[in-house]
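Novice: Structure below; questions to follow.
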Amino acid sequence: MPELPEVETIARGVHERVHGDFIDKVWFGKHPQPFKTPATRQSRGLEGRVLLAVHRTGKHIVCELGPASKPNRPGDTRPCNQPEQQPEAQWIVHLGMTGRLLVTTPESPVATHTHARLSLASGRELRFVDPRRFGRLEFRDLRRDAAFHAAGEEPLTIQSKPFAALFHGRRMPIKAALLNQKLLSGVGNIYADESLFHAGIRPRKLAGRLTKAELERLRLALREVLQHAIRLGGSSVSDYVDAAGVRGFFQLEHCVYMRTGLPCRSCDTPIQRILLAGRGTHYCPKCQR
DNA sequence: CATTTCACCTGGTGGC
DNA sequence: TGCCACCAGGTGAAAT
């Protein structure tokens with residue numbers, strides 16, 4: 001489900017609702033898959049800590065956690081945020097294909113495939129729901145572990161030269177390279193297809209064969225498409241919702257993704273679907289060369 | 001080493 | 001209605 005714009009939307013929504021809050025009690029479901037290491041299942045690391053901030057890097061949501069401490073007095077449900085405070089730990093959430101991170105009330109019905117529930121001092125609850133269990137949860141104690149860093153470059157901020165260098169000499173199709181998180185972090189199947197359409201480049205074209213002009217068109221198309229999608233709250237293809245359960249609107253602006261056989265928005269040629277890197281790949285045979 | 005394929009999961013859809 | 005094949009926003013291990 002979630003690529004960069006969806007993860008950004010969720011991280012912002014979660015941050016707005018929970019920063020400054022305290023984690024009172026933690027519940028984990030019985031399936032081990034969502035936990036990157038078995039130790040992550042121990043709630044001890046999370047309980048009592050203050051949620052300093054929540055942000056996105058690549059497709060990962062990073063919750064910065066302060067030291068374990070309690071609100072000053074009982075009923076002090078929303079303690080002052082202390083942004084200056086140094087994080088002592090991180091809770092990293094990867095949503096896989098079907099993961100959701102939701103801020104709810106404790107009374108709100110618990111969806112099937114809920115794998116984690118964090119009760120917060122304010123009375124809210126932070127829930128991780130993931131039917132396919134491709135998502136992952138990880139706890140990092142920063143006194144012991146290094147802070148989390150996405151493997152690849154941020155597509156929103158990368159400059160021309162380093163962008164071109166990522167693809168130099170590569171013999172894989174450009175679409176496969178865009179999906180490789182070690183090169184760029186955050187681009188998935190939807191935004192790879194959409195940005196290649198806007199750049200006028202065939203998904204099968206070998207990455208190392210792109211001209212300087214094509215590389216620059218691609219870099220700018222990626223940035224525009226991702227920024228526009230963030231403004232619209234991401235793409236809700238089937239069931240994606242943000243931290244508050246609200247759908248995105250960018251799916252209404254898709255030009256090729258899941259538009260097989262429909263007329264190209266630019267030239268009316270039917271959109272083609274092929275299989276590339278094991279993924280459904282959509283493009284306009286006339287607009288993309 | 002670089003690149004491709006496949007397994008990991010559940011659920012929705014469409015054909016028969 | 002039931003059964004079944006196929007498809008889906010991702011990733012990393014195994015194979016080539």
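Chains: A, B, ... in order of the structure tokens. Residues: from 1 per chain. Ligands: from 1, in order shown.
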Using only C-alpha atoms (C1' of nucleotides), what table do you get, as CSV, when you list each residue of chain B with an atom no more than 10 Å from chain A, its nearest pair of atoms, and their distance in Å rounded to one decimal, rows by chain then rising number?
Specialist:
residue,atom,partner,partner_atom,distance
B:DA2,C1',A:Arg171,CA,8.5
B:DT3,C1',A:Met172,CA,6.9
B:DT4,C1',A:Ala277,CA,7.3
B:DT5,C1',A:Gly278,CA,7.7
B:DC6,C1',A:Gly278,CA,9.2
B:DC8,C1',A:Phe134,CA,7.5
B:DC9,C1',A:Arg132,CA,4.4
B:DT10,C1',A:Arg132,CA,5.0
B:DG11,C1',A:Pro131,CA,8.4
B:DG12,C1',A:Ser238,CA,9.3
Novice: What parts of range 165-237 of chain A does DSSP call alpha helix (DSSP H)? I'd like the answer as an NGL selection string.
Specialist: :A and (165-167 or 174-179 or 189-199 or 212-231)
Novice: With a cut-off of 8 Å and counting only C-alpha atoms (C1' of nucleotides), select all residues of chain A in contact with chain C and give the selection as number ranges by chain.
Specialist: A: 1-3, 96-98, 134, 188-190, 237
Novice: I need the residues in range 13-108 of chain A that are strand (DSSP E or B) according to DSSP; give them as a CSV table (one decimal) with N, CA, C and O atoms, in the first residue's frame.
Specialist:
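File written: result.csv
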chain,number,residue,atom,x,y,z
A,22,PHE,N,2.7,10.2,26.3
A,22,PHE,CA,3.4,9.1,26.9
A,22,PHE,C,2.8,7.7,26.6
A,22,PHE,O,1.6,7.6,26.5
A,23,ILE,N,3.7,6.8,26.5
A,23,ILE,CA,3.3,5.4,26.2
A,23,ILE,C,3.0,4.7,27.6
A,23,ILE,O,4.0,4.5,28.3
A,24,ASP,N,1.8,4.4,27.9
A,24,ASP,CA,1.5,3.8,29.2
A,24,ASP,C,1.6,2.3,29.1
A,24,ASP,O,2.4,1.7,29.9
A,25,LYS,N,0.9,1.7,28.2
A,25,LYS,CA,0.8,0.2,28.2
A,25,LYS,C,0.9,-0.3,26.7
A,25,LYS,O,0.4,0.3,25.9
A,26,VAL,N,1.6,-1.4,26.6
A,26,VAL,CA,1.8,-1.9,25.2
A,26,VAL,C,1.3,-3.3,25.1
A,26,VAL,O,1.5,-4.1,26.0
A,27,TRP,N,0.6,-3.6,24.0
A,27,TRP,CA,0.1,-5.0,23.8
A,27,TRP,C,0.5,-5.4,22.4
A,27,TRP,O,0.4,-4.6,21.4
A,28,PHE,N,1.1,-6.6,22.3
A,28,PHE,CA,1.5,-7.2,21.0
A,28,PHE,C,0.7,-8.4,20.7
A,28,PHE,O,0.5,-9.2,21.6
A,35,PHE,N,7.7,-8.5,13.8
A,35,PHE,CA,8.8,-8.0,14.7
A,35,PHE,C,10.1,-8.4,14.0
A,35,PHE,O,10.4,-9.6,13.8
A,49,ARG,N,7.8,5.6,28.0
A,49,ARG,CA,8.6,6.6,27.3
A,49,ARG,C,7.7,7.7,26.7
A,49,ARG,O,6.5,7.5,26.5
A,50,VAL,N,8.3,8.9,26.5
A,50,VAL,CA,7.6,10.0,25.9
A,50,VAL,C,7.8,10.0,24.3
A,50,VAL,O,8.9,9.6,23.9
A,51,LEU,N,6.8,10.2,23.6
A,51,LEU,CA,6.9,10.3,22.1
A,51,LEU,C,7.3,11.7,21.7
A,51,LEU,O,6.5,12.6,21.7
A,52,LEU,N,8.6,11.8,21.4
A,52,LEU,CA,9.1,13.2,21.1
A,52,LEU,C,8.7,13.7,19.8
A,52,LEU,O,8.3,14.8,19.6
A,53,ALA,N,8.7,12.8,18.8
A,53,ALA,CA,8.4,13.2,17.4
A,53,ALA,C,8.2,11.9,16.5
A,53,ALA,O,8.7,10.9,16.9
A,54,VAL,N,7.5,12.1,15.5
A,54,VAL,CA,7.2,11.0,14.5
A,54,VAL,C,7.5,11.6,13.1
A,54,VAL,O,7.0,12.6,12.8
A,55,HIS,N,8.4,10.9,12.4
A,55,HIS,CA,8.7,11.4,11.0
A,55,HIS,C,9.0,10.2,10.1
A,55,HIS,O,9.1,9.1,10.5
A,56,ARG,N,9.1,10.6,8.8
A,56,ARG,CA,9.3,9.6,7.7
A,56,ARG,C,10.7,9.6,7.2
A,56,ARG,O,11.3,10.7,7.1
A,57,THR,N,11.3,8.5,6.9
A,57,THR,CA,12.5,8.4,6.1
A,57,THR,C,12.4,7.3,5.2
A,57,THR,O,12.1,6.2,5.6
A,60,HIS,N,10.0,4.3,5.8
A,60,HIS,CA,9.9,4.0,7.2
A,60,HIS,C,9.3,5.1,8.0
A,60,HIS,O,9.6,6.3,7.7
A,61,ILE,N,8.5,4.8,9.0
A,61,ILE,CA,8.1,5.8,10.0
A,61,ILE,C,9.0,5.6,11.2
A,61,ILE,O,9.1,4.5,11.7
A,62,VAL,N,9.6,6.7,11.7
A,62,VAL,CA,10.4,6.7,12.8
A,62,VAL,C,9.8,7.4,14.0
A,62,VAL,O,9.5,8.6,13.8
A,63,CYS,N,9.5,6.7,15.1
A,63,CYS,CA,9.0,7.4,16.3
A,63,CYS,C,10.2,7.6,17.2
A,63,CYS,O,10.9,6.7,17.7
A,64,GLU,N,10.5,8.9,17.5
A,64,GLU,CA,11.7,9.2,18.4
A,64,GLU,C,11.2,9.2,19.8
A,64,GLU,O,10.2,9.9,20.2
A,65,LEU,N,11.8,8.4,20.7
A,65,LEU,CA,11.4,8.2,22.0
A,65,LEU,C,12.3,8.8,23.1
A,65,LEU,O,13.5,8.6,23.0
A,66,GLY,N,11.8,9.5,24.0
A,66,GLY,CA,12.6,10.1,25.1
A,66,GLY,C,12.6,9.1,26.2
A,66,GLY,O,12.1,8.0,26.1
A,67,PRO,N,13.3,9.5,27.4
A,67,PRO,CA,13.4,8.6,28.5
A,67,PRO,C,12.1,8.3,29.1
A,67,PRO,O,11.1,9.0,29.0
A,68,ALA,N,12.0,7.2,29.8
A,68,ALA,CA,10.8,6.8,30.5
A,68,ALA,C,10.6,7.8,31.7
A,68,ALA,O,11.5,8.1,32.5
A,89,ALA,N,15.7,6.4,22.3
A,89,ALA,CA,15.3,5.2,21.6
A,89,ALA,C,14.5,5.5,20.4
A,89,ALA,O,14.0,6.7,20.2
A,90,GLN,N,14.3,4.5,19.5
A,90,GLN,CA,13.4,4.7,18.3
A,90,GLN,C,12.5,3.5,18.1
A,90,GLN,O,12.9,2.4,18.4
A,91,TRP,N,11.3,3.8,17.7
A,91,TRP,CA,10.4,2.7,17.3
A,91,TRP,C,10.2,2.9,15.8
A,91,TRP,O,9.7,3.9,15.4
A,92,ILE,N,10.6,1.9,15.0
A,92,ILE,CA,10.6,2.0,13.6
A,92,ILE,C,9.5,1.2,13.0
A,92,ILE,O,9.4,0.0,13.3
A,93,VAL,N,8.6,1.7,12.2
A,93,VAL,CA,7.5,1.0,11.6
A,93,VAL,C,7.6,1.0,10.1
A,93,VAL,O,7.8,2.1,9.5
A,94,HIS,N,7.6,-0.2,9.5
A,94,HIS,CA,7.5,-0.3,8.0
A,94,HIS,C,6.2,-1.0,7.7
A,94,HIS,O,5.9,-2.0,8.3
A,100,ARG,N,-1.1,-0.5,8.4
A,100,ARG,CA,-1.7,0.8,8.7
A,100,ARG,C,-1.2,1.2,10.1
A,100,ARG,O,-1.1,0.3,11.0
A,101,LEU,N,-1.0,2.5,10.3
A,101,LEU,CA,-0.7,3.0,11.7
A,101,LEU,C,-1.8,4.0,12.0
A,101,LEU,O,-2.0,5.0,11.3
A,102,LEU,N,-2.6,3.7,13.0
A,102,LEU,CA,-3.8,4.4,13.3
A,102,LEU,C,-3.8,5.0,14.7
A,102,LEU,O,-3.4,4.3,15.6
A,103,VAL,N,-4.3,6.2,14.8
A,103,VAL,CA,-4.5,6.8,16.1
A,103,VAL,C,-6.0,6.8,16.4
A,103,VAL,O,-6.8,7.3,15.6
A,104,THR,N,-6.4,6.0,17.4
A,104,THR,CA,-7.8,5.8,17.7
A,104,THR,C,-8.1,6.1,19.2
A,104,THR,O,-7.2,6.4,19.9
Novice: Can you measure CA of Pro155 in chain A to CA of Gly245 in chain A for me? One decimal in Å is fine.
Specialist: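 Separation of CA of Pro155 in chain A and CA of Gly245 in chain A: 26.4 Å.
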Novice: At a cut-off of 9 Å, using only C-alpha atoms (C1' of nucleotides), what residues contact Ile230 in chain A? Leave out same-chain residues fewer than 2 positions from it and give the result as an mmCIF file with N, CA, C and O atoms, in the first residue's frame.
Specialist:
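So result-v9.cif came out as:
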data_model
loop_
_atom_site.group_PDB
_atom_site.id
_atom_site.type_symbol
_atom_site.label_atom_id
_atom_site.label_comp_id
_atom_site.auth_asym_id
_atom_site.auth_seq_id
_atom_site.Cartn_x
_atom_site.Cartn_y
_atom_site.Cartn_z
ATOM 1 N N LEU A 4 6.228 6.490 -0.545
ATOM 2 C CA LEU A 4 6.653 7.716 0.129
ATOM 3 C C LEU A 4 5.502 8.670 0.490
ATOM 4 O O LEU A 4 5.396 9.095 1.645
ATOM 5 N N PRO A 5 4.601 9.020 -0.443
ATOM 6 C CA PRO A 5 3.558 10.000 -0.102
ATOM 7 C C PRO A 5 2.585 9.493 0.962
ATOM 8 O O PRO A 5 2.140 10.268 1.821
ATOM 9 N N GLU A 6 2.255 8.192 0.920
ATOM 10 C CA GLU A 6 1.352 7.636 1.924
ATOM 11 C C GLU A 6 2.051 7.601 3.283
ATOM 12 O O GLU A 6 1.456 7.960 4.309
ATOM 13 N N GLU A 8 4.538 9.473 4.301
ATOM 14 C CA GLU A 8 4.688 10.855 4.757
ATOM 15 C C GLU A 8 3.381 11.359 5.380
ATOM 16 O O GLU A 8 3.383 11.990 6.442
ATOM 17 N N THR A 9 2.259 11.085 4.705
ATOM 18 C CA THR A 9 0.946 11.510 5.210
ATOM 19 C C THR A 9 0.656 10.883 6.568
ATOM 20 O O THR A 9 0.198 11.558 7.498
ATOM 21 N N VAL A 225 5.614 14.552 -8.924
ATOM 22 C CA VAL A 225 4.575 13.550 -8.670
ATOM 23 C C VAL A 225 4.476 13.250 -7.169
ATOM 24 O O VAL A 225 3.383 13.205 -6.600
ATOM 25 N N LEU A 226 5.616 13.094 -6.511
ATOM 26 C CA LEU A 226 5.604 12.774 -5.080
ATOM 27 C C LEU A 226 5.056 13.937 -4.263
ATOM 28 O O LEU A 226 4.245 13.746 -3.348
ATOM 29 N N GLN A 227 5.475 15.166 -4.604
ATOM 30 C CA GLN A 227 4.987 16.336 -3.870
ATOM 31 C C GLN A 227 3.487 16.529 -4.062
ATOM 32 O O GLN A 227 2.757 16.810 -3.117
ATOM 33 N N HIS A 228 3.036 16.348 -5.305
ATOM 34 C CA HIS A 228 1.606 16.493 -5.595
ATOM 35 C C HIS A 228 0.806 15.440 -4.832
ATOM 36 O O HIS A 228 -0.244 15.718 -4.256
ATOM 37 N N LEU A 232 -2.182 15.677 -1.845
ATOM 38 C CA LEU A 232 -3.512 15.051 -1.934
ATOM 39 C C LEU A 232 -3.687 13.914 -0.928
ATOM 40 O O LEU A 232 -4.656 13.157 -1.001
ATOM 41 N N GLY A 233 -2.739 13.757 -0.028
ATOM 42 C CA GLY A 233 -2.891 12.739 1.018
ATOM 43 C C GLY A 233 -2.607 11.330 0.554
ATOM 44 O O GLY A 233 -3.060 10.367 1.168
ATOM 45 N N GLY A 234 -1.862 11.169 -0.552
ATOM 46 C CA GLY A 234 -1.484 9.847 -1.050
ATOM 47 C C GLY A 234 -2.517 9.233 -1.978
ATOM 48 O O GLY A 234 -3.523 9.859 -2.313
ATOM 49 N N SER A 235 -2.271 7.997 -2.407
ATOM 50 C CA SER A 235 -3.162 7.263 -3.313
ATOM 51 C C SER A 235 -3.894 6.179 -2.536
ATOM 52 O O SER A 235 -3.271 5.357 -1.891
ATOM 53 N N GLY A 248 -6.811 8.940 0.695
ATOM 54 C CA GLY A 248 -6.130 9.936 -0.121
ATOM 55 C C GLY A 248 -6.871 10.155 -1.426
ATOM 56 O O GLY A 248 -7.866 9.489 -1.716
ATOM 57 N N PHE A 250 -4.924 10.991 -4.545
ATOM 58 C CA PHE A 250 -4.048 11.024 -5.724
ATOM 59 C C PHE A 250 -4.407 9.960 -6.762
ATOM 60 O O PHE A 250 -4.079 10.105 -7.929
#
